[in-house]
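S.K.: Sharing a structure here in structure tokens format.
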6 protein chains.
Amino acid sequence: MRPNTLRDAWKSGKKTVNGWLGIPSSVSAEAMAQGGWDSITVDCQHGPIDFQAGVACFQAIAPYASVPLARVPWLEPGIIMKMLDAGAYGIICPMVNTREEAERFVGACRYFPAGYRSFGPTRVSWYAGGDYYQHANASILTLAMIETKQALSNLDAILSVPGLDGVYVGPADLAITLGEAPVGDPTSAVTLSAIKEIVTKTKAKGLFAGIHTASAEGARDKTAMGFDFATILADTALLANAAKAAVSGFRGTTAGPAKAGGPY
Amino acid sequence: MRPNTLRDAWKSGKKTVNGWLGIPSSVSAEAMAQGGWDSITVDCQHGPIDFQAGVACFQAIAPYASVPLARVPWLEPGIIMKMLDAGAYGIICPMVNTREEAERFVGACRYFPAGYRSFGPTRVSWYAGGDYYQHANASILTLAMIETKQALSNLDAILSVPGLDGVYVGPADLAITLGEAPVGDPTSAVTLSAIKEIVTKTKAKGLFAGIHTASAEGARDKTAMGFDFATILADTALLANAAKAAVSGFRGTTAGPAKAGGPY
Amino acid sequence: MRPNTLRDAWKSGKKTVNGWLGIPSSVSAEAMAQGGWDSITVDCQHGPIDFQAGVACFQAIAPYASVPLARVPWLEPGIIMKMLDAGAYGIICPMVNTREEAERFVGACRYFPAGYRSFGPTRVSWYAGGDYYQHANASILTLAMIETKQALSNLDAILSVPGLDGVYVGPADLAITLGEAPVGDPTSAVTLSAIKEIVTKTKAKGLFAGIHTASAEGARDKTAMGFDFATILADTALLANAAKAAVSGFRGTTAGPAKAGGPY
Amino acid sequence: MRPNTLRDAWKSGKKTVNGWLGIPSSVSAEAMAQGGWDSITVDCQHGPIDFQAGVACFQAIAPYASVPLARVPWLEPGIIMKMLDAGAYGIICPMVNTREEAERFVGACRYFPAGYRSFGPTRVSWYAGGDYYQHANASILTLAMIETKQALSNLDAILSVPGLDGVYVGPADLAITLGEAPVGDPTSAVTLSAIKEIVTKTKAKGLFAGIHTASAEGARDKTAMGFDFATILADTALLANAAKAAVSGFRGTTAGPAKAGGPY
Amino acid sequence: MRPNTLRDAWKSGKKTVNGWLGIPSSVSAEAMAQGGWDSITVDCQHGPIDFQAGVACFQAIAPYASVPLARVPWLEPGIIMKMLDAGAYGIICPMVNTREEAERFVGACRYFPAGYRSFGPTRVSWYAGGDYYQHANASILTLAMIETKQALSNLDAILSVPGLDGVYVGPADLAITLGEAPVGDPTSAVTLSAIKEIVTKTKAKGLFAGIHTASAEGARDKTAMGFDFATILADTALLANAAKAAVSGFRGTTAGPAKAGGPY
Amino acid sequence: MRPNTLRDAWKSGKKTVNGWLGIPSSVSAEAMAQGGWDSITVDCQHGPIDFQAGVACFQAIAPYASVPLARVPWLEPGIIMKMLDAGAYGIICPMVNTREEAERFVGACRYFPAGYRSFGPTRVSWYAGGDYYQHANASILTLAMIETKQALSNLDAILSVPGLDGVYVGPADLAITLGEAPVGDPTSAVTLSAIKEIVTKTKAKGLFAGIHTASAEGARDKTAMGFDFATILADTALLANAAKAAVSGFRGTTAGPAKAGGPY
């Protein structure tokens, strides 16, 4: 099986950086792959992208060394298994708030007896090789999103679920449920403290920890804090920001969209 | 008819900046529109994008003030008229090297008697309004690409074609046919001299001049040189560059794609 | 935030008319927008349209004043949140039969603490503006479909769920569960009585009420009965009917599809 | 070979009605097929639809008796042959203004020695049957658009081209080149006289004649005038008109799109 | 209603063969239809295909006699009802392990009072005819996948669910949960014994039984064992195998993909 | 630049086998890539596939060693250059009948001064590497289709065009223009003699020769005759044949599609 180099990197203590795809196009996916990310995640939750476009994105990045991951819209076995069969080497599952949810999530990613994943690795066996089944349970990464106050209070129970490889922090939702405003790179003591608690407990359990950030600096800060990997924004934001920078670089003033019909 | 604010801006002496779409997705198109470009061009020539995706891009940017343009793959009436009917307020036509070619190009963009454009403004009448036909010939921009040594030598003849609104310089092809290597923002005296000649002659005729550039600085330089507008790269390049910058910002070293199968 | 003019209209007592999209194309969506509907709903339940096409439809109608809504396939948080992030200003949820279901539905549409919606307004922040998060909970419309005998019997409990904005009646399913045949504009006393009961109780609670109808007359009848808004058919039916009318207008006889292979 | 019932109908003197597809969706195509049109044309010229969507439309209408036709964007052999291989039983070619153009057009539709069509009936052999090649030259309809003053003056020469089956009148372009405004169902004496001349000469040669119209009445008028078939509007217009009628039927006032950002 | 010839065939004791679609394209679907399968299933579970592409596949095979079925990704009412509304004449539901799951599955496929399917047969009424509602409950096939040890132990309870038409065996998952390796055509005594038990009990109840196989021989074996129908591989595998056979037939050696970047 | 291993193989005397894509899907493209073809051609002429789907196919096969080629619909510079920019390492151009046509074809594939190709290697520079421009003229394969009696008579002139790399024989069209019926693997003396003449003259000039065949045996015969490479059918035919073989293997009788509506 084509190795899951992301798992290997983390095991060896390497800090990695993750790209994030929300544009439903194989062309933008391959543009993103030029960045040389350690991994690239198709975001089927908040990204305006669906399964079918996700398949094409996995194909577009297959020649590159970046490991393909997927964030699913919700803890639902159908879409989790579809993304795995399509080529995802890891699943990021949103809103895992209880131990029972973590068990259901992990189970959907593992073949029997470790879980209840159904067999049919259609495209992933092209990508991974004919021996995919033998190695899948040990290779596929299961990352539960810890992003609510409830999840925080259940963290020990969640982290003790067999087969769970790690967590992924959604700082915006975490901030909201802690009573704060959502920001990309949190600076409030309350949210930072929660983030610190998550990474500390996760690493103490010997699991992997990742987090979403809004800048390269944010990503460095978080890996310095102990996270194994960090995501920087998303293709939609990178592109919109690049467009704004180009226009304001030309005009010498702050750029932004003018709507034909309003100041929105 | 919804006014062609790009023509109006140029007439009033304003320098404008143009965005460039090669990603075949309405989502990336709307991301680009966040930049606040004066105009946005769907590039059906070198961009990996075709008519059908171009239609969706025009729809995605319609709420924004950016004027929609299209670059067609070649001087072929079918695709020129299709892009106009789909909503383009201007056409950039590659490789216009002779007066006869310029005439054929302009004719494809104008209703009789100014040209031979066929009537059927299906989507553009939704975008522009019910009085599109009455104003189209006077509003739609016809921009011939001057990008070869041959075009340079025929420049006067080309610029004298009735109905031609202006020129668009492709510096890479121009450099190649002048015996130099293609670069985004040329620095060689030979190519710069040719570019200078084009803008000077074009403005002397009272026509509009635009050019492709590789940076905001390049765009400022060229509008300072006399061009009415400049394009900065393309969405594909903006996104790939942003991805590289994010990764290298994280790693502290130069980023770039690692291929699973080679050093290409 | 771009205002939710639909909520404003209903608050002011205005009766509105809603368009319905089942054709998975941004072009047909923009054709529908020519109608000037107060709102347009992407129907991901019975319409042969999916999330990805729905995104393009939202983009296509964004320049128009019609407020974008979505009907989801089922009470499932993943697709509800995806449609909201893509631009829906309201969700119509099918088959809400109990108070508990209504609570789960409303929760999926509201950020904490009003609900459990996850944060990530990717495209909707382009459409709505940068202050979307601050206003979303108060703006987004939550409309539960009351379309079964069971829902009817639980109506008071459903209507008392905090955060529920209103109901949407599916007359065909309602008729079926009342033991009658499904029709577009019901005329039976039993079904009409149930419809009357729904609108009366809903308005008595100060909530909004809408219904699906099969004609402009049906829509007028229902708004006269007290409904705040009514949908008229769907794009698929409007187009098929228009095609039949054109052909029968030409032939002077009733038109209809001839199958090459049968009388179906 | 599945028979070309359209050719047979015309031969027997039957007047037929033609549907017109511009929406790039197989779902809208099948909705249109509910009308029971004698033929349905994928309009790759003014319709916002391209080859790939056209293939899906041909598939969607294959179970129905309506004969599939295509209008190509321009007289270009590549797209003509592609539409034929995809299933078109006839080609409508725009802007055929000279005998030489008519010859090139017909040649692109006929296998050697009648023409220069290349062999490779990929999908059409699924639709038509395994003996397609033996019957194609005699079955496929070649319809040249007569829609300019120039074409009018060359009409005799055009009509004498061997293998040309008939003409199709574009009244809007014809009106424009005759110095009048484009309208769907012309009423001016000048344009009507030109239309009358075309149908008279075409029928005198024993060829078929069709025309685009804007209403069922327009279509009846023209077939009464001698045309073998008439098209009524297009799916885009039928749908937009149906939407307007539904909304105005509800409001009791004239409907139309309100733009968020302007009065266009 | 266009008859469900598959149900009729099974009732009359005929053994049938089923095609399987995982390629998300209407063109490959129509290529598959050339095979003359008794039925064709769109596999939205393991196939890299989603709802929207599935609609196009149903349209592509509509002219053929093959009965359209769908396998859904999971027991989730939203997608089950969507596939039915799009044209499926039967649903294969994965991982039905308990009587309660079987009841939920059947209920999603049947209109009240037999179930809780929502009314809105948008495309299927075009395919099936205007009287679809009257016949749907009696025509649509409900096939529960029996593919785990747990399902085996609950088989009697599952088979006694009213409205369940039959079962479909997934031999790979069945083998895995029985402690064996997944293979296309099982040869182990343990798995074969389980398969035998399933078909025997199912037929004893008067229900239908189908199974996935990996070859024509496997399919013959299983129908000889008592199954009413068998699927042979999938389009993805048929095409990949045909490609390998063509290349090895040319080279005289075993063919297989060479990766530019590795031996995977 | 990622090397053009196809050119290298031919230079070293190796006989290669070519796959052929007509299904517009990246999934079927990757299925085909499992065959291990030396090269894979996207057929935009007779295949029901267009540019945009072709881009996705190039991406899908990029991880594999098969060299990507494209057949264009016609000798038209726009589409030739688009396919090259999208990743084609060679172009097969249909119906090259004269020396002048061969010159125009070659020119469209070569940068100045060898030709008039426009610069903008958007996706191909991702696939090939940053030094693409320096090596493209020497690497890209230009293959003119010799498939008419006229081309045969002009063969010497065509073969002497500088920059032409070789020829590709379309045996069906060749047979037709020689007065015979089109077949996949010709057996008539007349057509075989013409094929022999083409390969002999081409190899005598030191150029490459390829041909379309209908079977592995046909491909072996032709490479034994002197051809450097041969194509075997297309994905559409491989899949349809595999479907027929599976069904007839099950039934024990010849399979084929049954149409619901006729014997076509």
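As shown in the structure tokens, the chain order sets the letters A, B, ...; within each chain, residues go from 1, and ligands are also counted from 1 in the order they appear.
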If you take only C-alpha atoms and a cut-off of 9 Å, which residues of chain F touch chain E, and what are their nearest atom pairs and distances in Å to one decimal, in chain and number order, as CSV?
M.R.:
residue,atom,partner,partner_atom,distance
F:Thr16,CA,E:Arg251,CA,8.6
F:Val17,CA,E:Val247,CA,6.8
F:Asn18,CA,E:Val247,CA,8.5
F:Gly19,CA,E:Ala243,CA,7.8
F:Gly22,CA,E:Val27,CA,8.5
F:Ile23,CA,E:Val27,CA,5.9
F:Pro24,CA,E:Ser25,CA,6.8
F:Ser25,CA,E:Ser25,CA,6.2
F:Ser26,CA,E:Ile23,CA,8.7
F:Val27,CA,E:Ile23,CA,5.9
F:Ser28,CA,E:Ile23,CA,6.1
F:Glu30,CA,E:Ala240,CA,8.5
F:Ala31,CA,E:Ala240,CA,4.9
F:Met32,CA,E:Ala240,CA,5.4
F:Ala33,CA,E:Pro257,CA,6.2
F:Gln34,CA,E:Pro257,CA,4.5
F:Gly35,CA,E:Lys244,CA,4.0
F:Gly36,CA,E:Pro257,CA,3.9
F:Trp37,CA,E:Val247,CA,6.4
F:Pro48,CA,E:Val27,CA,7.6
F:Ala62,CA,E:Ala260,CA,8.0
F:Pro63,CA,E:Ala260,CA,5.7
F:Tyr64,CA,E:Lys259,CA,4.1
F:Ala65,CA,E:Ala260,CA,4.6
F:Ser66,CA,E:Ala258,CA,7.6
F:Ser215,CA,E:Ala246,CA,7.2
F:Ala216,CA,E:Phe250,CA,4.9
F:Glu217,CA,E:Phe250,CA,6.8
F:Gly218,CA,E:Phe250,CA,8.8
F:Ala219,CA,E:Phe250,CA,6.5
F:Arg220,CA,E:Phe250,CA,5.8
F:Ile232,CA,E:Ala246,CA,7.0
F:Asp235,CA,E:Leu239,CA,7.1
F:Thr236,CA,E:Ala31,CA,5.9
F:Ala237,CA,E:Ala31,CA,7.4
F:Leu238,CA,E:Ala242,CA,6.0
F:Leu239,CA,E:Leu239,CA,5.2
F:Ala240,CA,E:Ala31,CA,4.9
F:Asn241,CA,E:Gly35,CA,7.3
F:Ala242,CA,E:Leu238,CA,6.0
F:Ala243,CA,E:Gly35,CA,4.5
F:Lys244,CA,E:Gly35,CA,4.0
F:Ala245,CA,E:Gly35,CA,7.6
F:Ala246,CA,E:Ala216,CA,5.5
F:Val247,CA,E:Gly35,CA,6.3
F:Ser248,CA,E:Ala216,CA,8.2
F:Gly249,CA,E:Ala216,CA,5.2
F:Phe250,CA,E:Ala216,CA,4.9
F:Arg251,CA,E:Arg220,CA,8.1
F:Ala255,CA,E:Gly36,CA,5.9
F:Gly256,CA,E:Gly36,CA,4.6
F:Pro257,CA,E:Gly36,CA,3.9
F:Ala258,CA,E:Ala65,CA,5.3
F:Lys259,CA,E:Tyr64,CA,4.1
F:Ala260,CA,E:Ala65,CA,4.6
F:Gly261,CA,E:Pro63,CA,6.9
S.K.: Just the alpha helix (DSSP H) stuff from range 45-205 of chain F, please, per backbone DSSP, written as JSON, numbers by chain.
M.R.: {"F": [51, 52, 53, 54, 55, 56, 57, 58, 59, 60, 61, 77, 78, 79, 80, 81, 82, 83, 84, 85, 86, 99, 100, 101, 102, 103, 104, 105, 106, 107, 108, 109, 124, 125, 126, 127, 128, 132, 133, 134, 135, 136, 137, 138, 139, 149, 150, 151, 152, 153, 155, 156, 157, 158, 159, 171, 172, 173, 174, 175, 176, 177, 189, 190, 191, 192, 193, 194, 195, 196, 197, 198, 199, 200, 201, 202, 203, 204]}
S.K.: Using only C-alpha atoms, which protein or nucleic acid residues come within 7 Å of range 123-135 of chain A? Drop anything in the same chain fewer than 6 positions from it, and give the result as a list in words.
M.R.: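 Once the adjacent positions are removed, what remains is Met1, Arg2, Asp85, Ala86 and Gly87 of chain A; Tyr264 of chain E.
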S.K.: For Lys11 in chain C, please output as a ChimeraX atom specification all residues within 10 Å (counting only C-alpha atoms; exclusion window: fewer than 3 positions along the same chain).
M.R.: /C:5-8,14-15,206-208,228
S.K.: Kindly save the residues from that selection, with N, CA and C atoms included, as an mmCIF file, in the first residue's frame.
M.R.:
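Result file follows (part-v9.cif):
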data_model
loop_
_atom_site.group_PDB
_atom_site.id
_atom_site.type_symbol
_atom_site.label_atom_id
_atom_site.label_comp_id
_atom_site.auth_asym_id
_atom_site.auth_seq_id
_atom_site.Cartn_x
_atom_site.Cartn_y
_atom_site.Cartn_z
ATOM 1 N N THR C 5 -35.072 40.191 3.176
ATOM 2 C CA THR C 5 -36.267 40.971 2.836
ATOM 3 C C THR C 5 -37.536 40.142 2.927
ATOM 4 N N LEU C 6 -37.381 38.829 2.929
ATOM 5 C CA LEU C 6 -38.564 37.974 3.020
ATOM 6 C C LEU C 6 -39.163 38.054 4.430
ATOM 7 N N ARG C 7 -38.285 37.941 5.392
ATOM 8 C CA ARG C 7 -38.751 38.065 6.784
ATOM 9 C C ARG C 7 -39.374 39.446 7.008
ATOM 10 N N ASP C 8 -38.727 40.457 6.463
ATOM 11 C CA ASP C 8 -39.238 41.819 6.621
ATOM 12 C C ASP C 8 -40.619 41.963 5.987
ATOM 13 N N LYS C 14 -47.017 41.586 4.243
ATOM 14 C CA LYS C 14 -47.074 41.381 2.789
ATOM 15 C C LYS C 14 -47.193 39.898 2.460
ATOM 16 N N LYS C 15 -47.976 39.594 1.437
ATOM 17 C CA LYS C 15 -48.089 38.229 0.949
ATOM 18 C C LYS C 15 -47.069 38.052 -0.182
ATOM 19 N N GLY C 206 -48.138 33.726 16.041
ATOM 20 C CA GLY C 206 -47.271 34.793 15.550
ATOM 21 C C GLY C 206 -46.174 34.299 14.647
ATOM 22 N N LEU C 207 -46.344 33.097 14.123
ATOM 23 C CA LEU C 207 -45.324 32.549 13.217
ATOM 24 C C LEU C 207 -45.755 32.712 11.766
ATOM 25 N N PHE C 208 -44.838 32.371 10.860
ATOM 26 C CA PHE C 208 -45.114 32.510 9.422
ATOM 27 C C PHE C 208 -45.611 31.190 8.855
ATOM 28 N N ASP C 228 -48.746 33.378 4.594
ATOM 29 C CA ASP C 228 -47.877 34.507 4.265
ATOM 30 C C ASP C 228 -47.267 34.375 2.878
#
S.K.: For CA of Met81 in chain A and CA of Ala172 in chain E, quote the distance in Å rounded to one decimal.
M.R.: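 Computing the Euclidean distance for CA of Met81 in chain A and CA of Ala172 in chain E yields 15.4 Å.
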S.K.: So which residues touch Lys205 in chain E within 10 Å, counting only C-alpha atoms, skipping near sequence neighbours fewer than 6 positions away, as a list in words?
M.R.: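 Contacts, with the query itself left out: Asp156, Leu159, Ser160, Gly166 and Val199 of chain E.
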S.K.: Mind dumping the selected residues with N, CA and C atoms as a JSON list (two decimals), in the first residue's frame?
M.R.:
[["chain", "number", "residue", "atom", "x", "y", "z"],
["E", 156, "ASP", "N", -34.18, -14.23, 10.15],
["E", 156, "ASP", "CA", -35.61, -14.54, 10.20],
["E", 156, "ASP", "C", -36.44, -13.30, 10.51],
["E", 159, "LEU", "N", -36.45, -10.97, 7.47],
["E", 159, "LEU", "CA", -37.27, -11.47, 6.36],
["E", 159, "LEU", "C", -38.76, -11.38, 6.64],
["E", 160, "SER", "N", -39.11, -11.20, 7.88],
["E", 160, "SER", "CA", -40.53, -11.13, 8.20],
["E", 160, "SER", "C", -41.08, -9.71, 8.19],
["E", 166, "GLY", "N", -36.98, -8.51, -0.70],
["E", 166, "GLY", "CA", -35.94, -9.52, -0.80],
["E", 166, "GLY", "C", -34.64, -9.03, -0.21],
["E", 199, "VAL", "N", -29.92, -17.59, 0.95],
["E", 199, "VAL", "CA", -30.81, -17.80, -0.19],
["E", 199, "VAL", "C", -31.92, -18.79, 0.16]]
S.K.: Would you mind reading off the distance between CA of Leu178 in chain C and CA of Ile146 in chain C, one decimal, in Å?
M.R.: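 A separation of 12.6 Å between them.
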S.K.: Taking 2 positions as the minimum chain separation for residues in the same chain, which residues sit within 9 Å of Thr177 in chain E when counting only C-alpha atoms? Answer as a list in words.
M.R.: Tyr111, Phe112 and Pro113 of chain A; Glu147, Thr148, Lys149, Gln150, Ala172, Asp173, Leu174, Ala175, Gly179 and Glu180 of chain E
S.K.: Quick check, in Å to one decimal: how far apart do CA of Ser153 in chain E and CA of Pro121 in chain A lie?
M.R.: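 Atom-to-atom, CA of Ser153 in chain E to CA of Pro121 in chain A, that is 26.3 Å.
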S.K.: Restricting the calculation to only C-alpha atoms, which member of E:Ala70, E:Thr191, E:His46, E:Glu76 is positioned closest to Ile140 in chain E?
M.R.: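 Going through E:Ala70, E:Thr191, E:His46, E:Glu76 one by one, the smallest distance to Ile140 in chain E is for E:Ala70.
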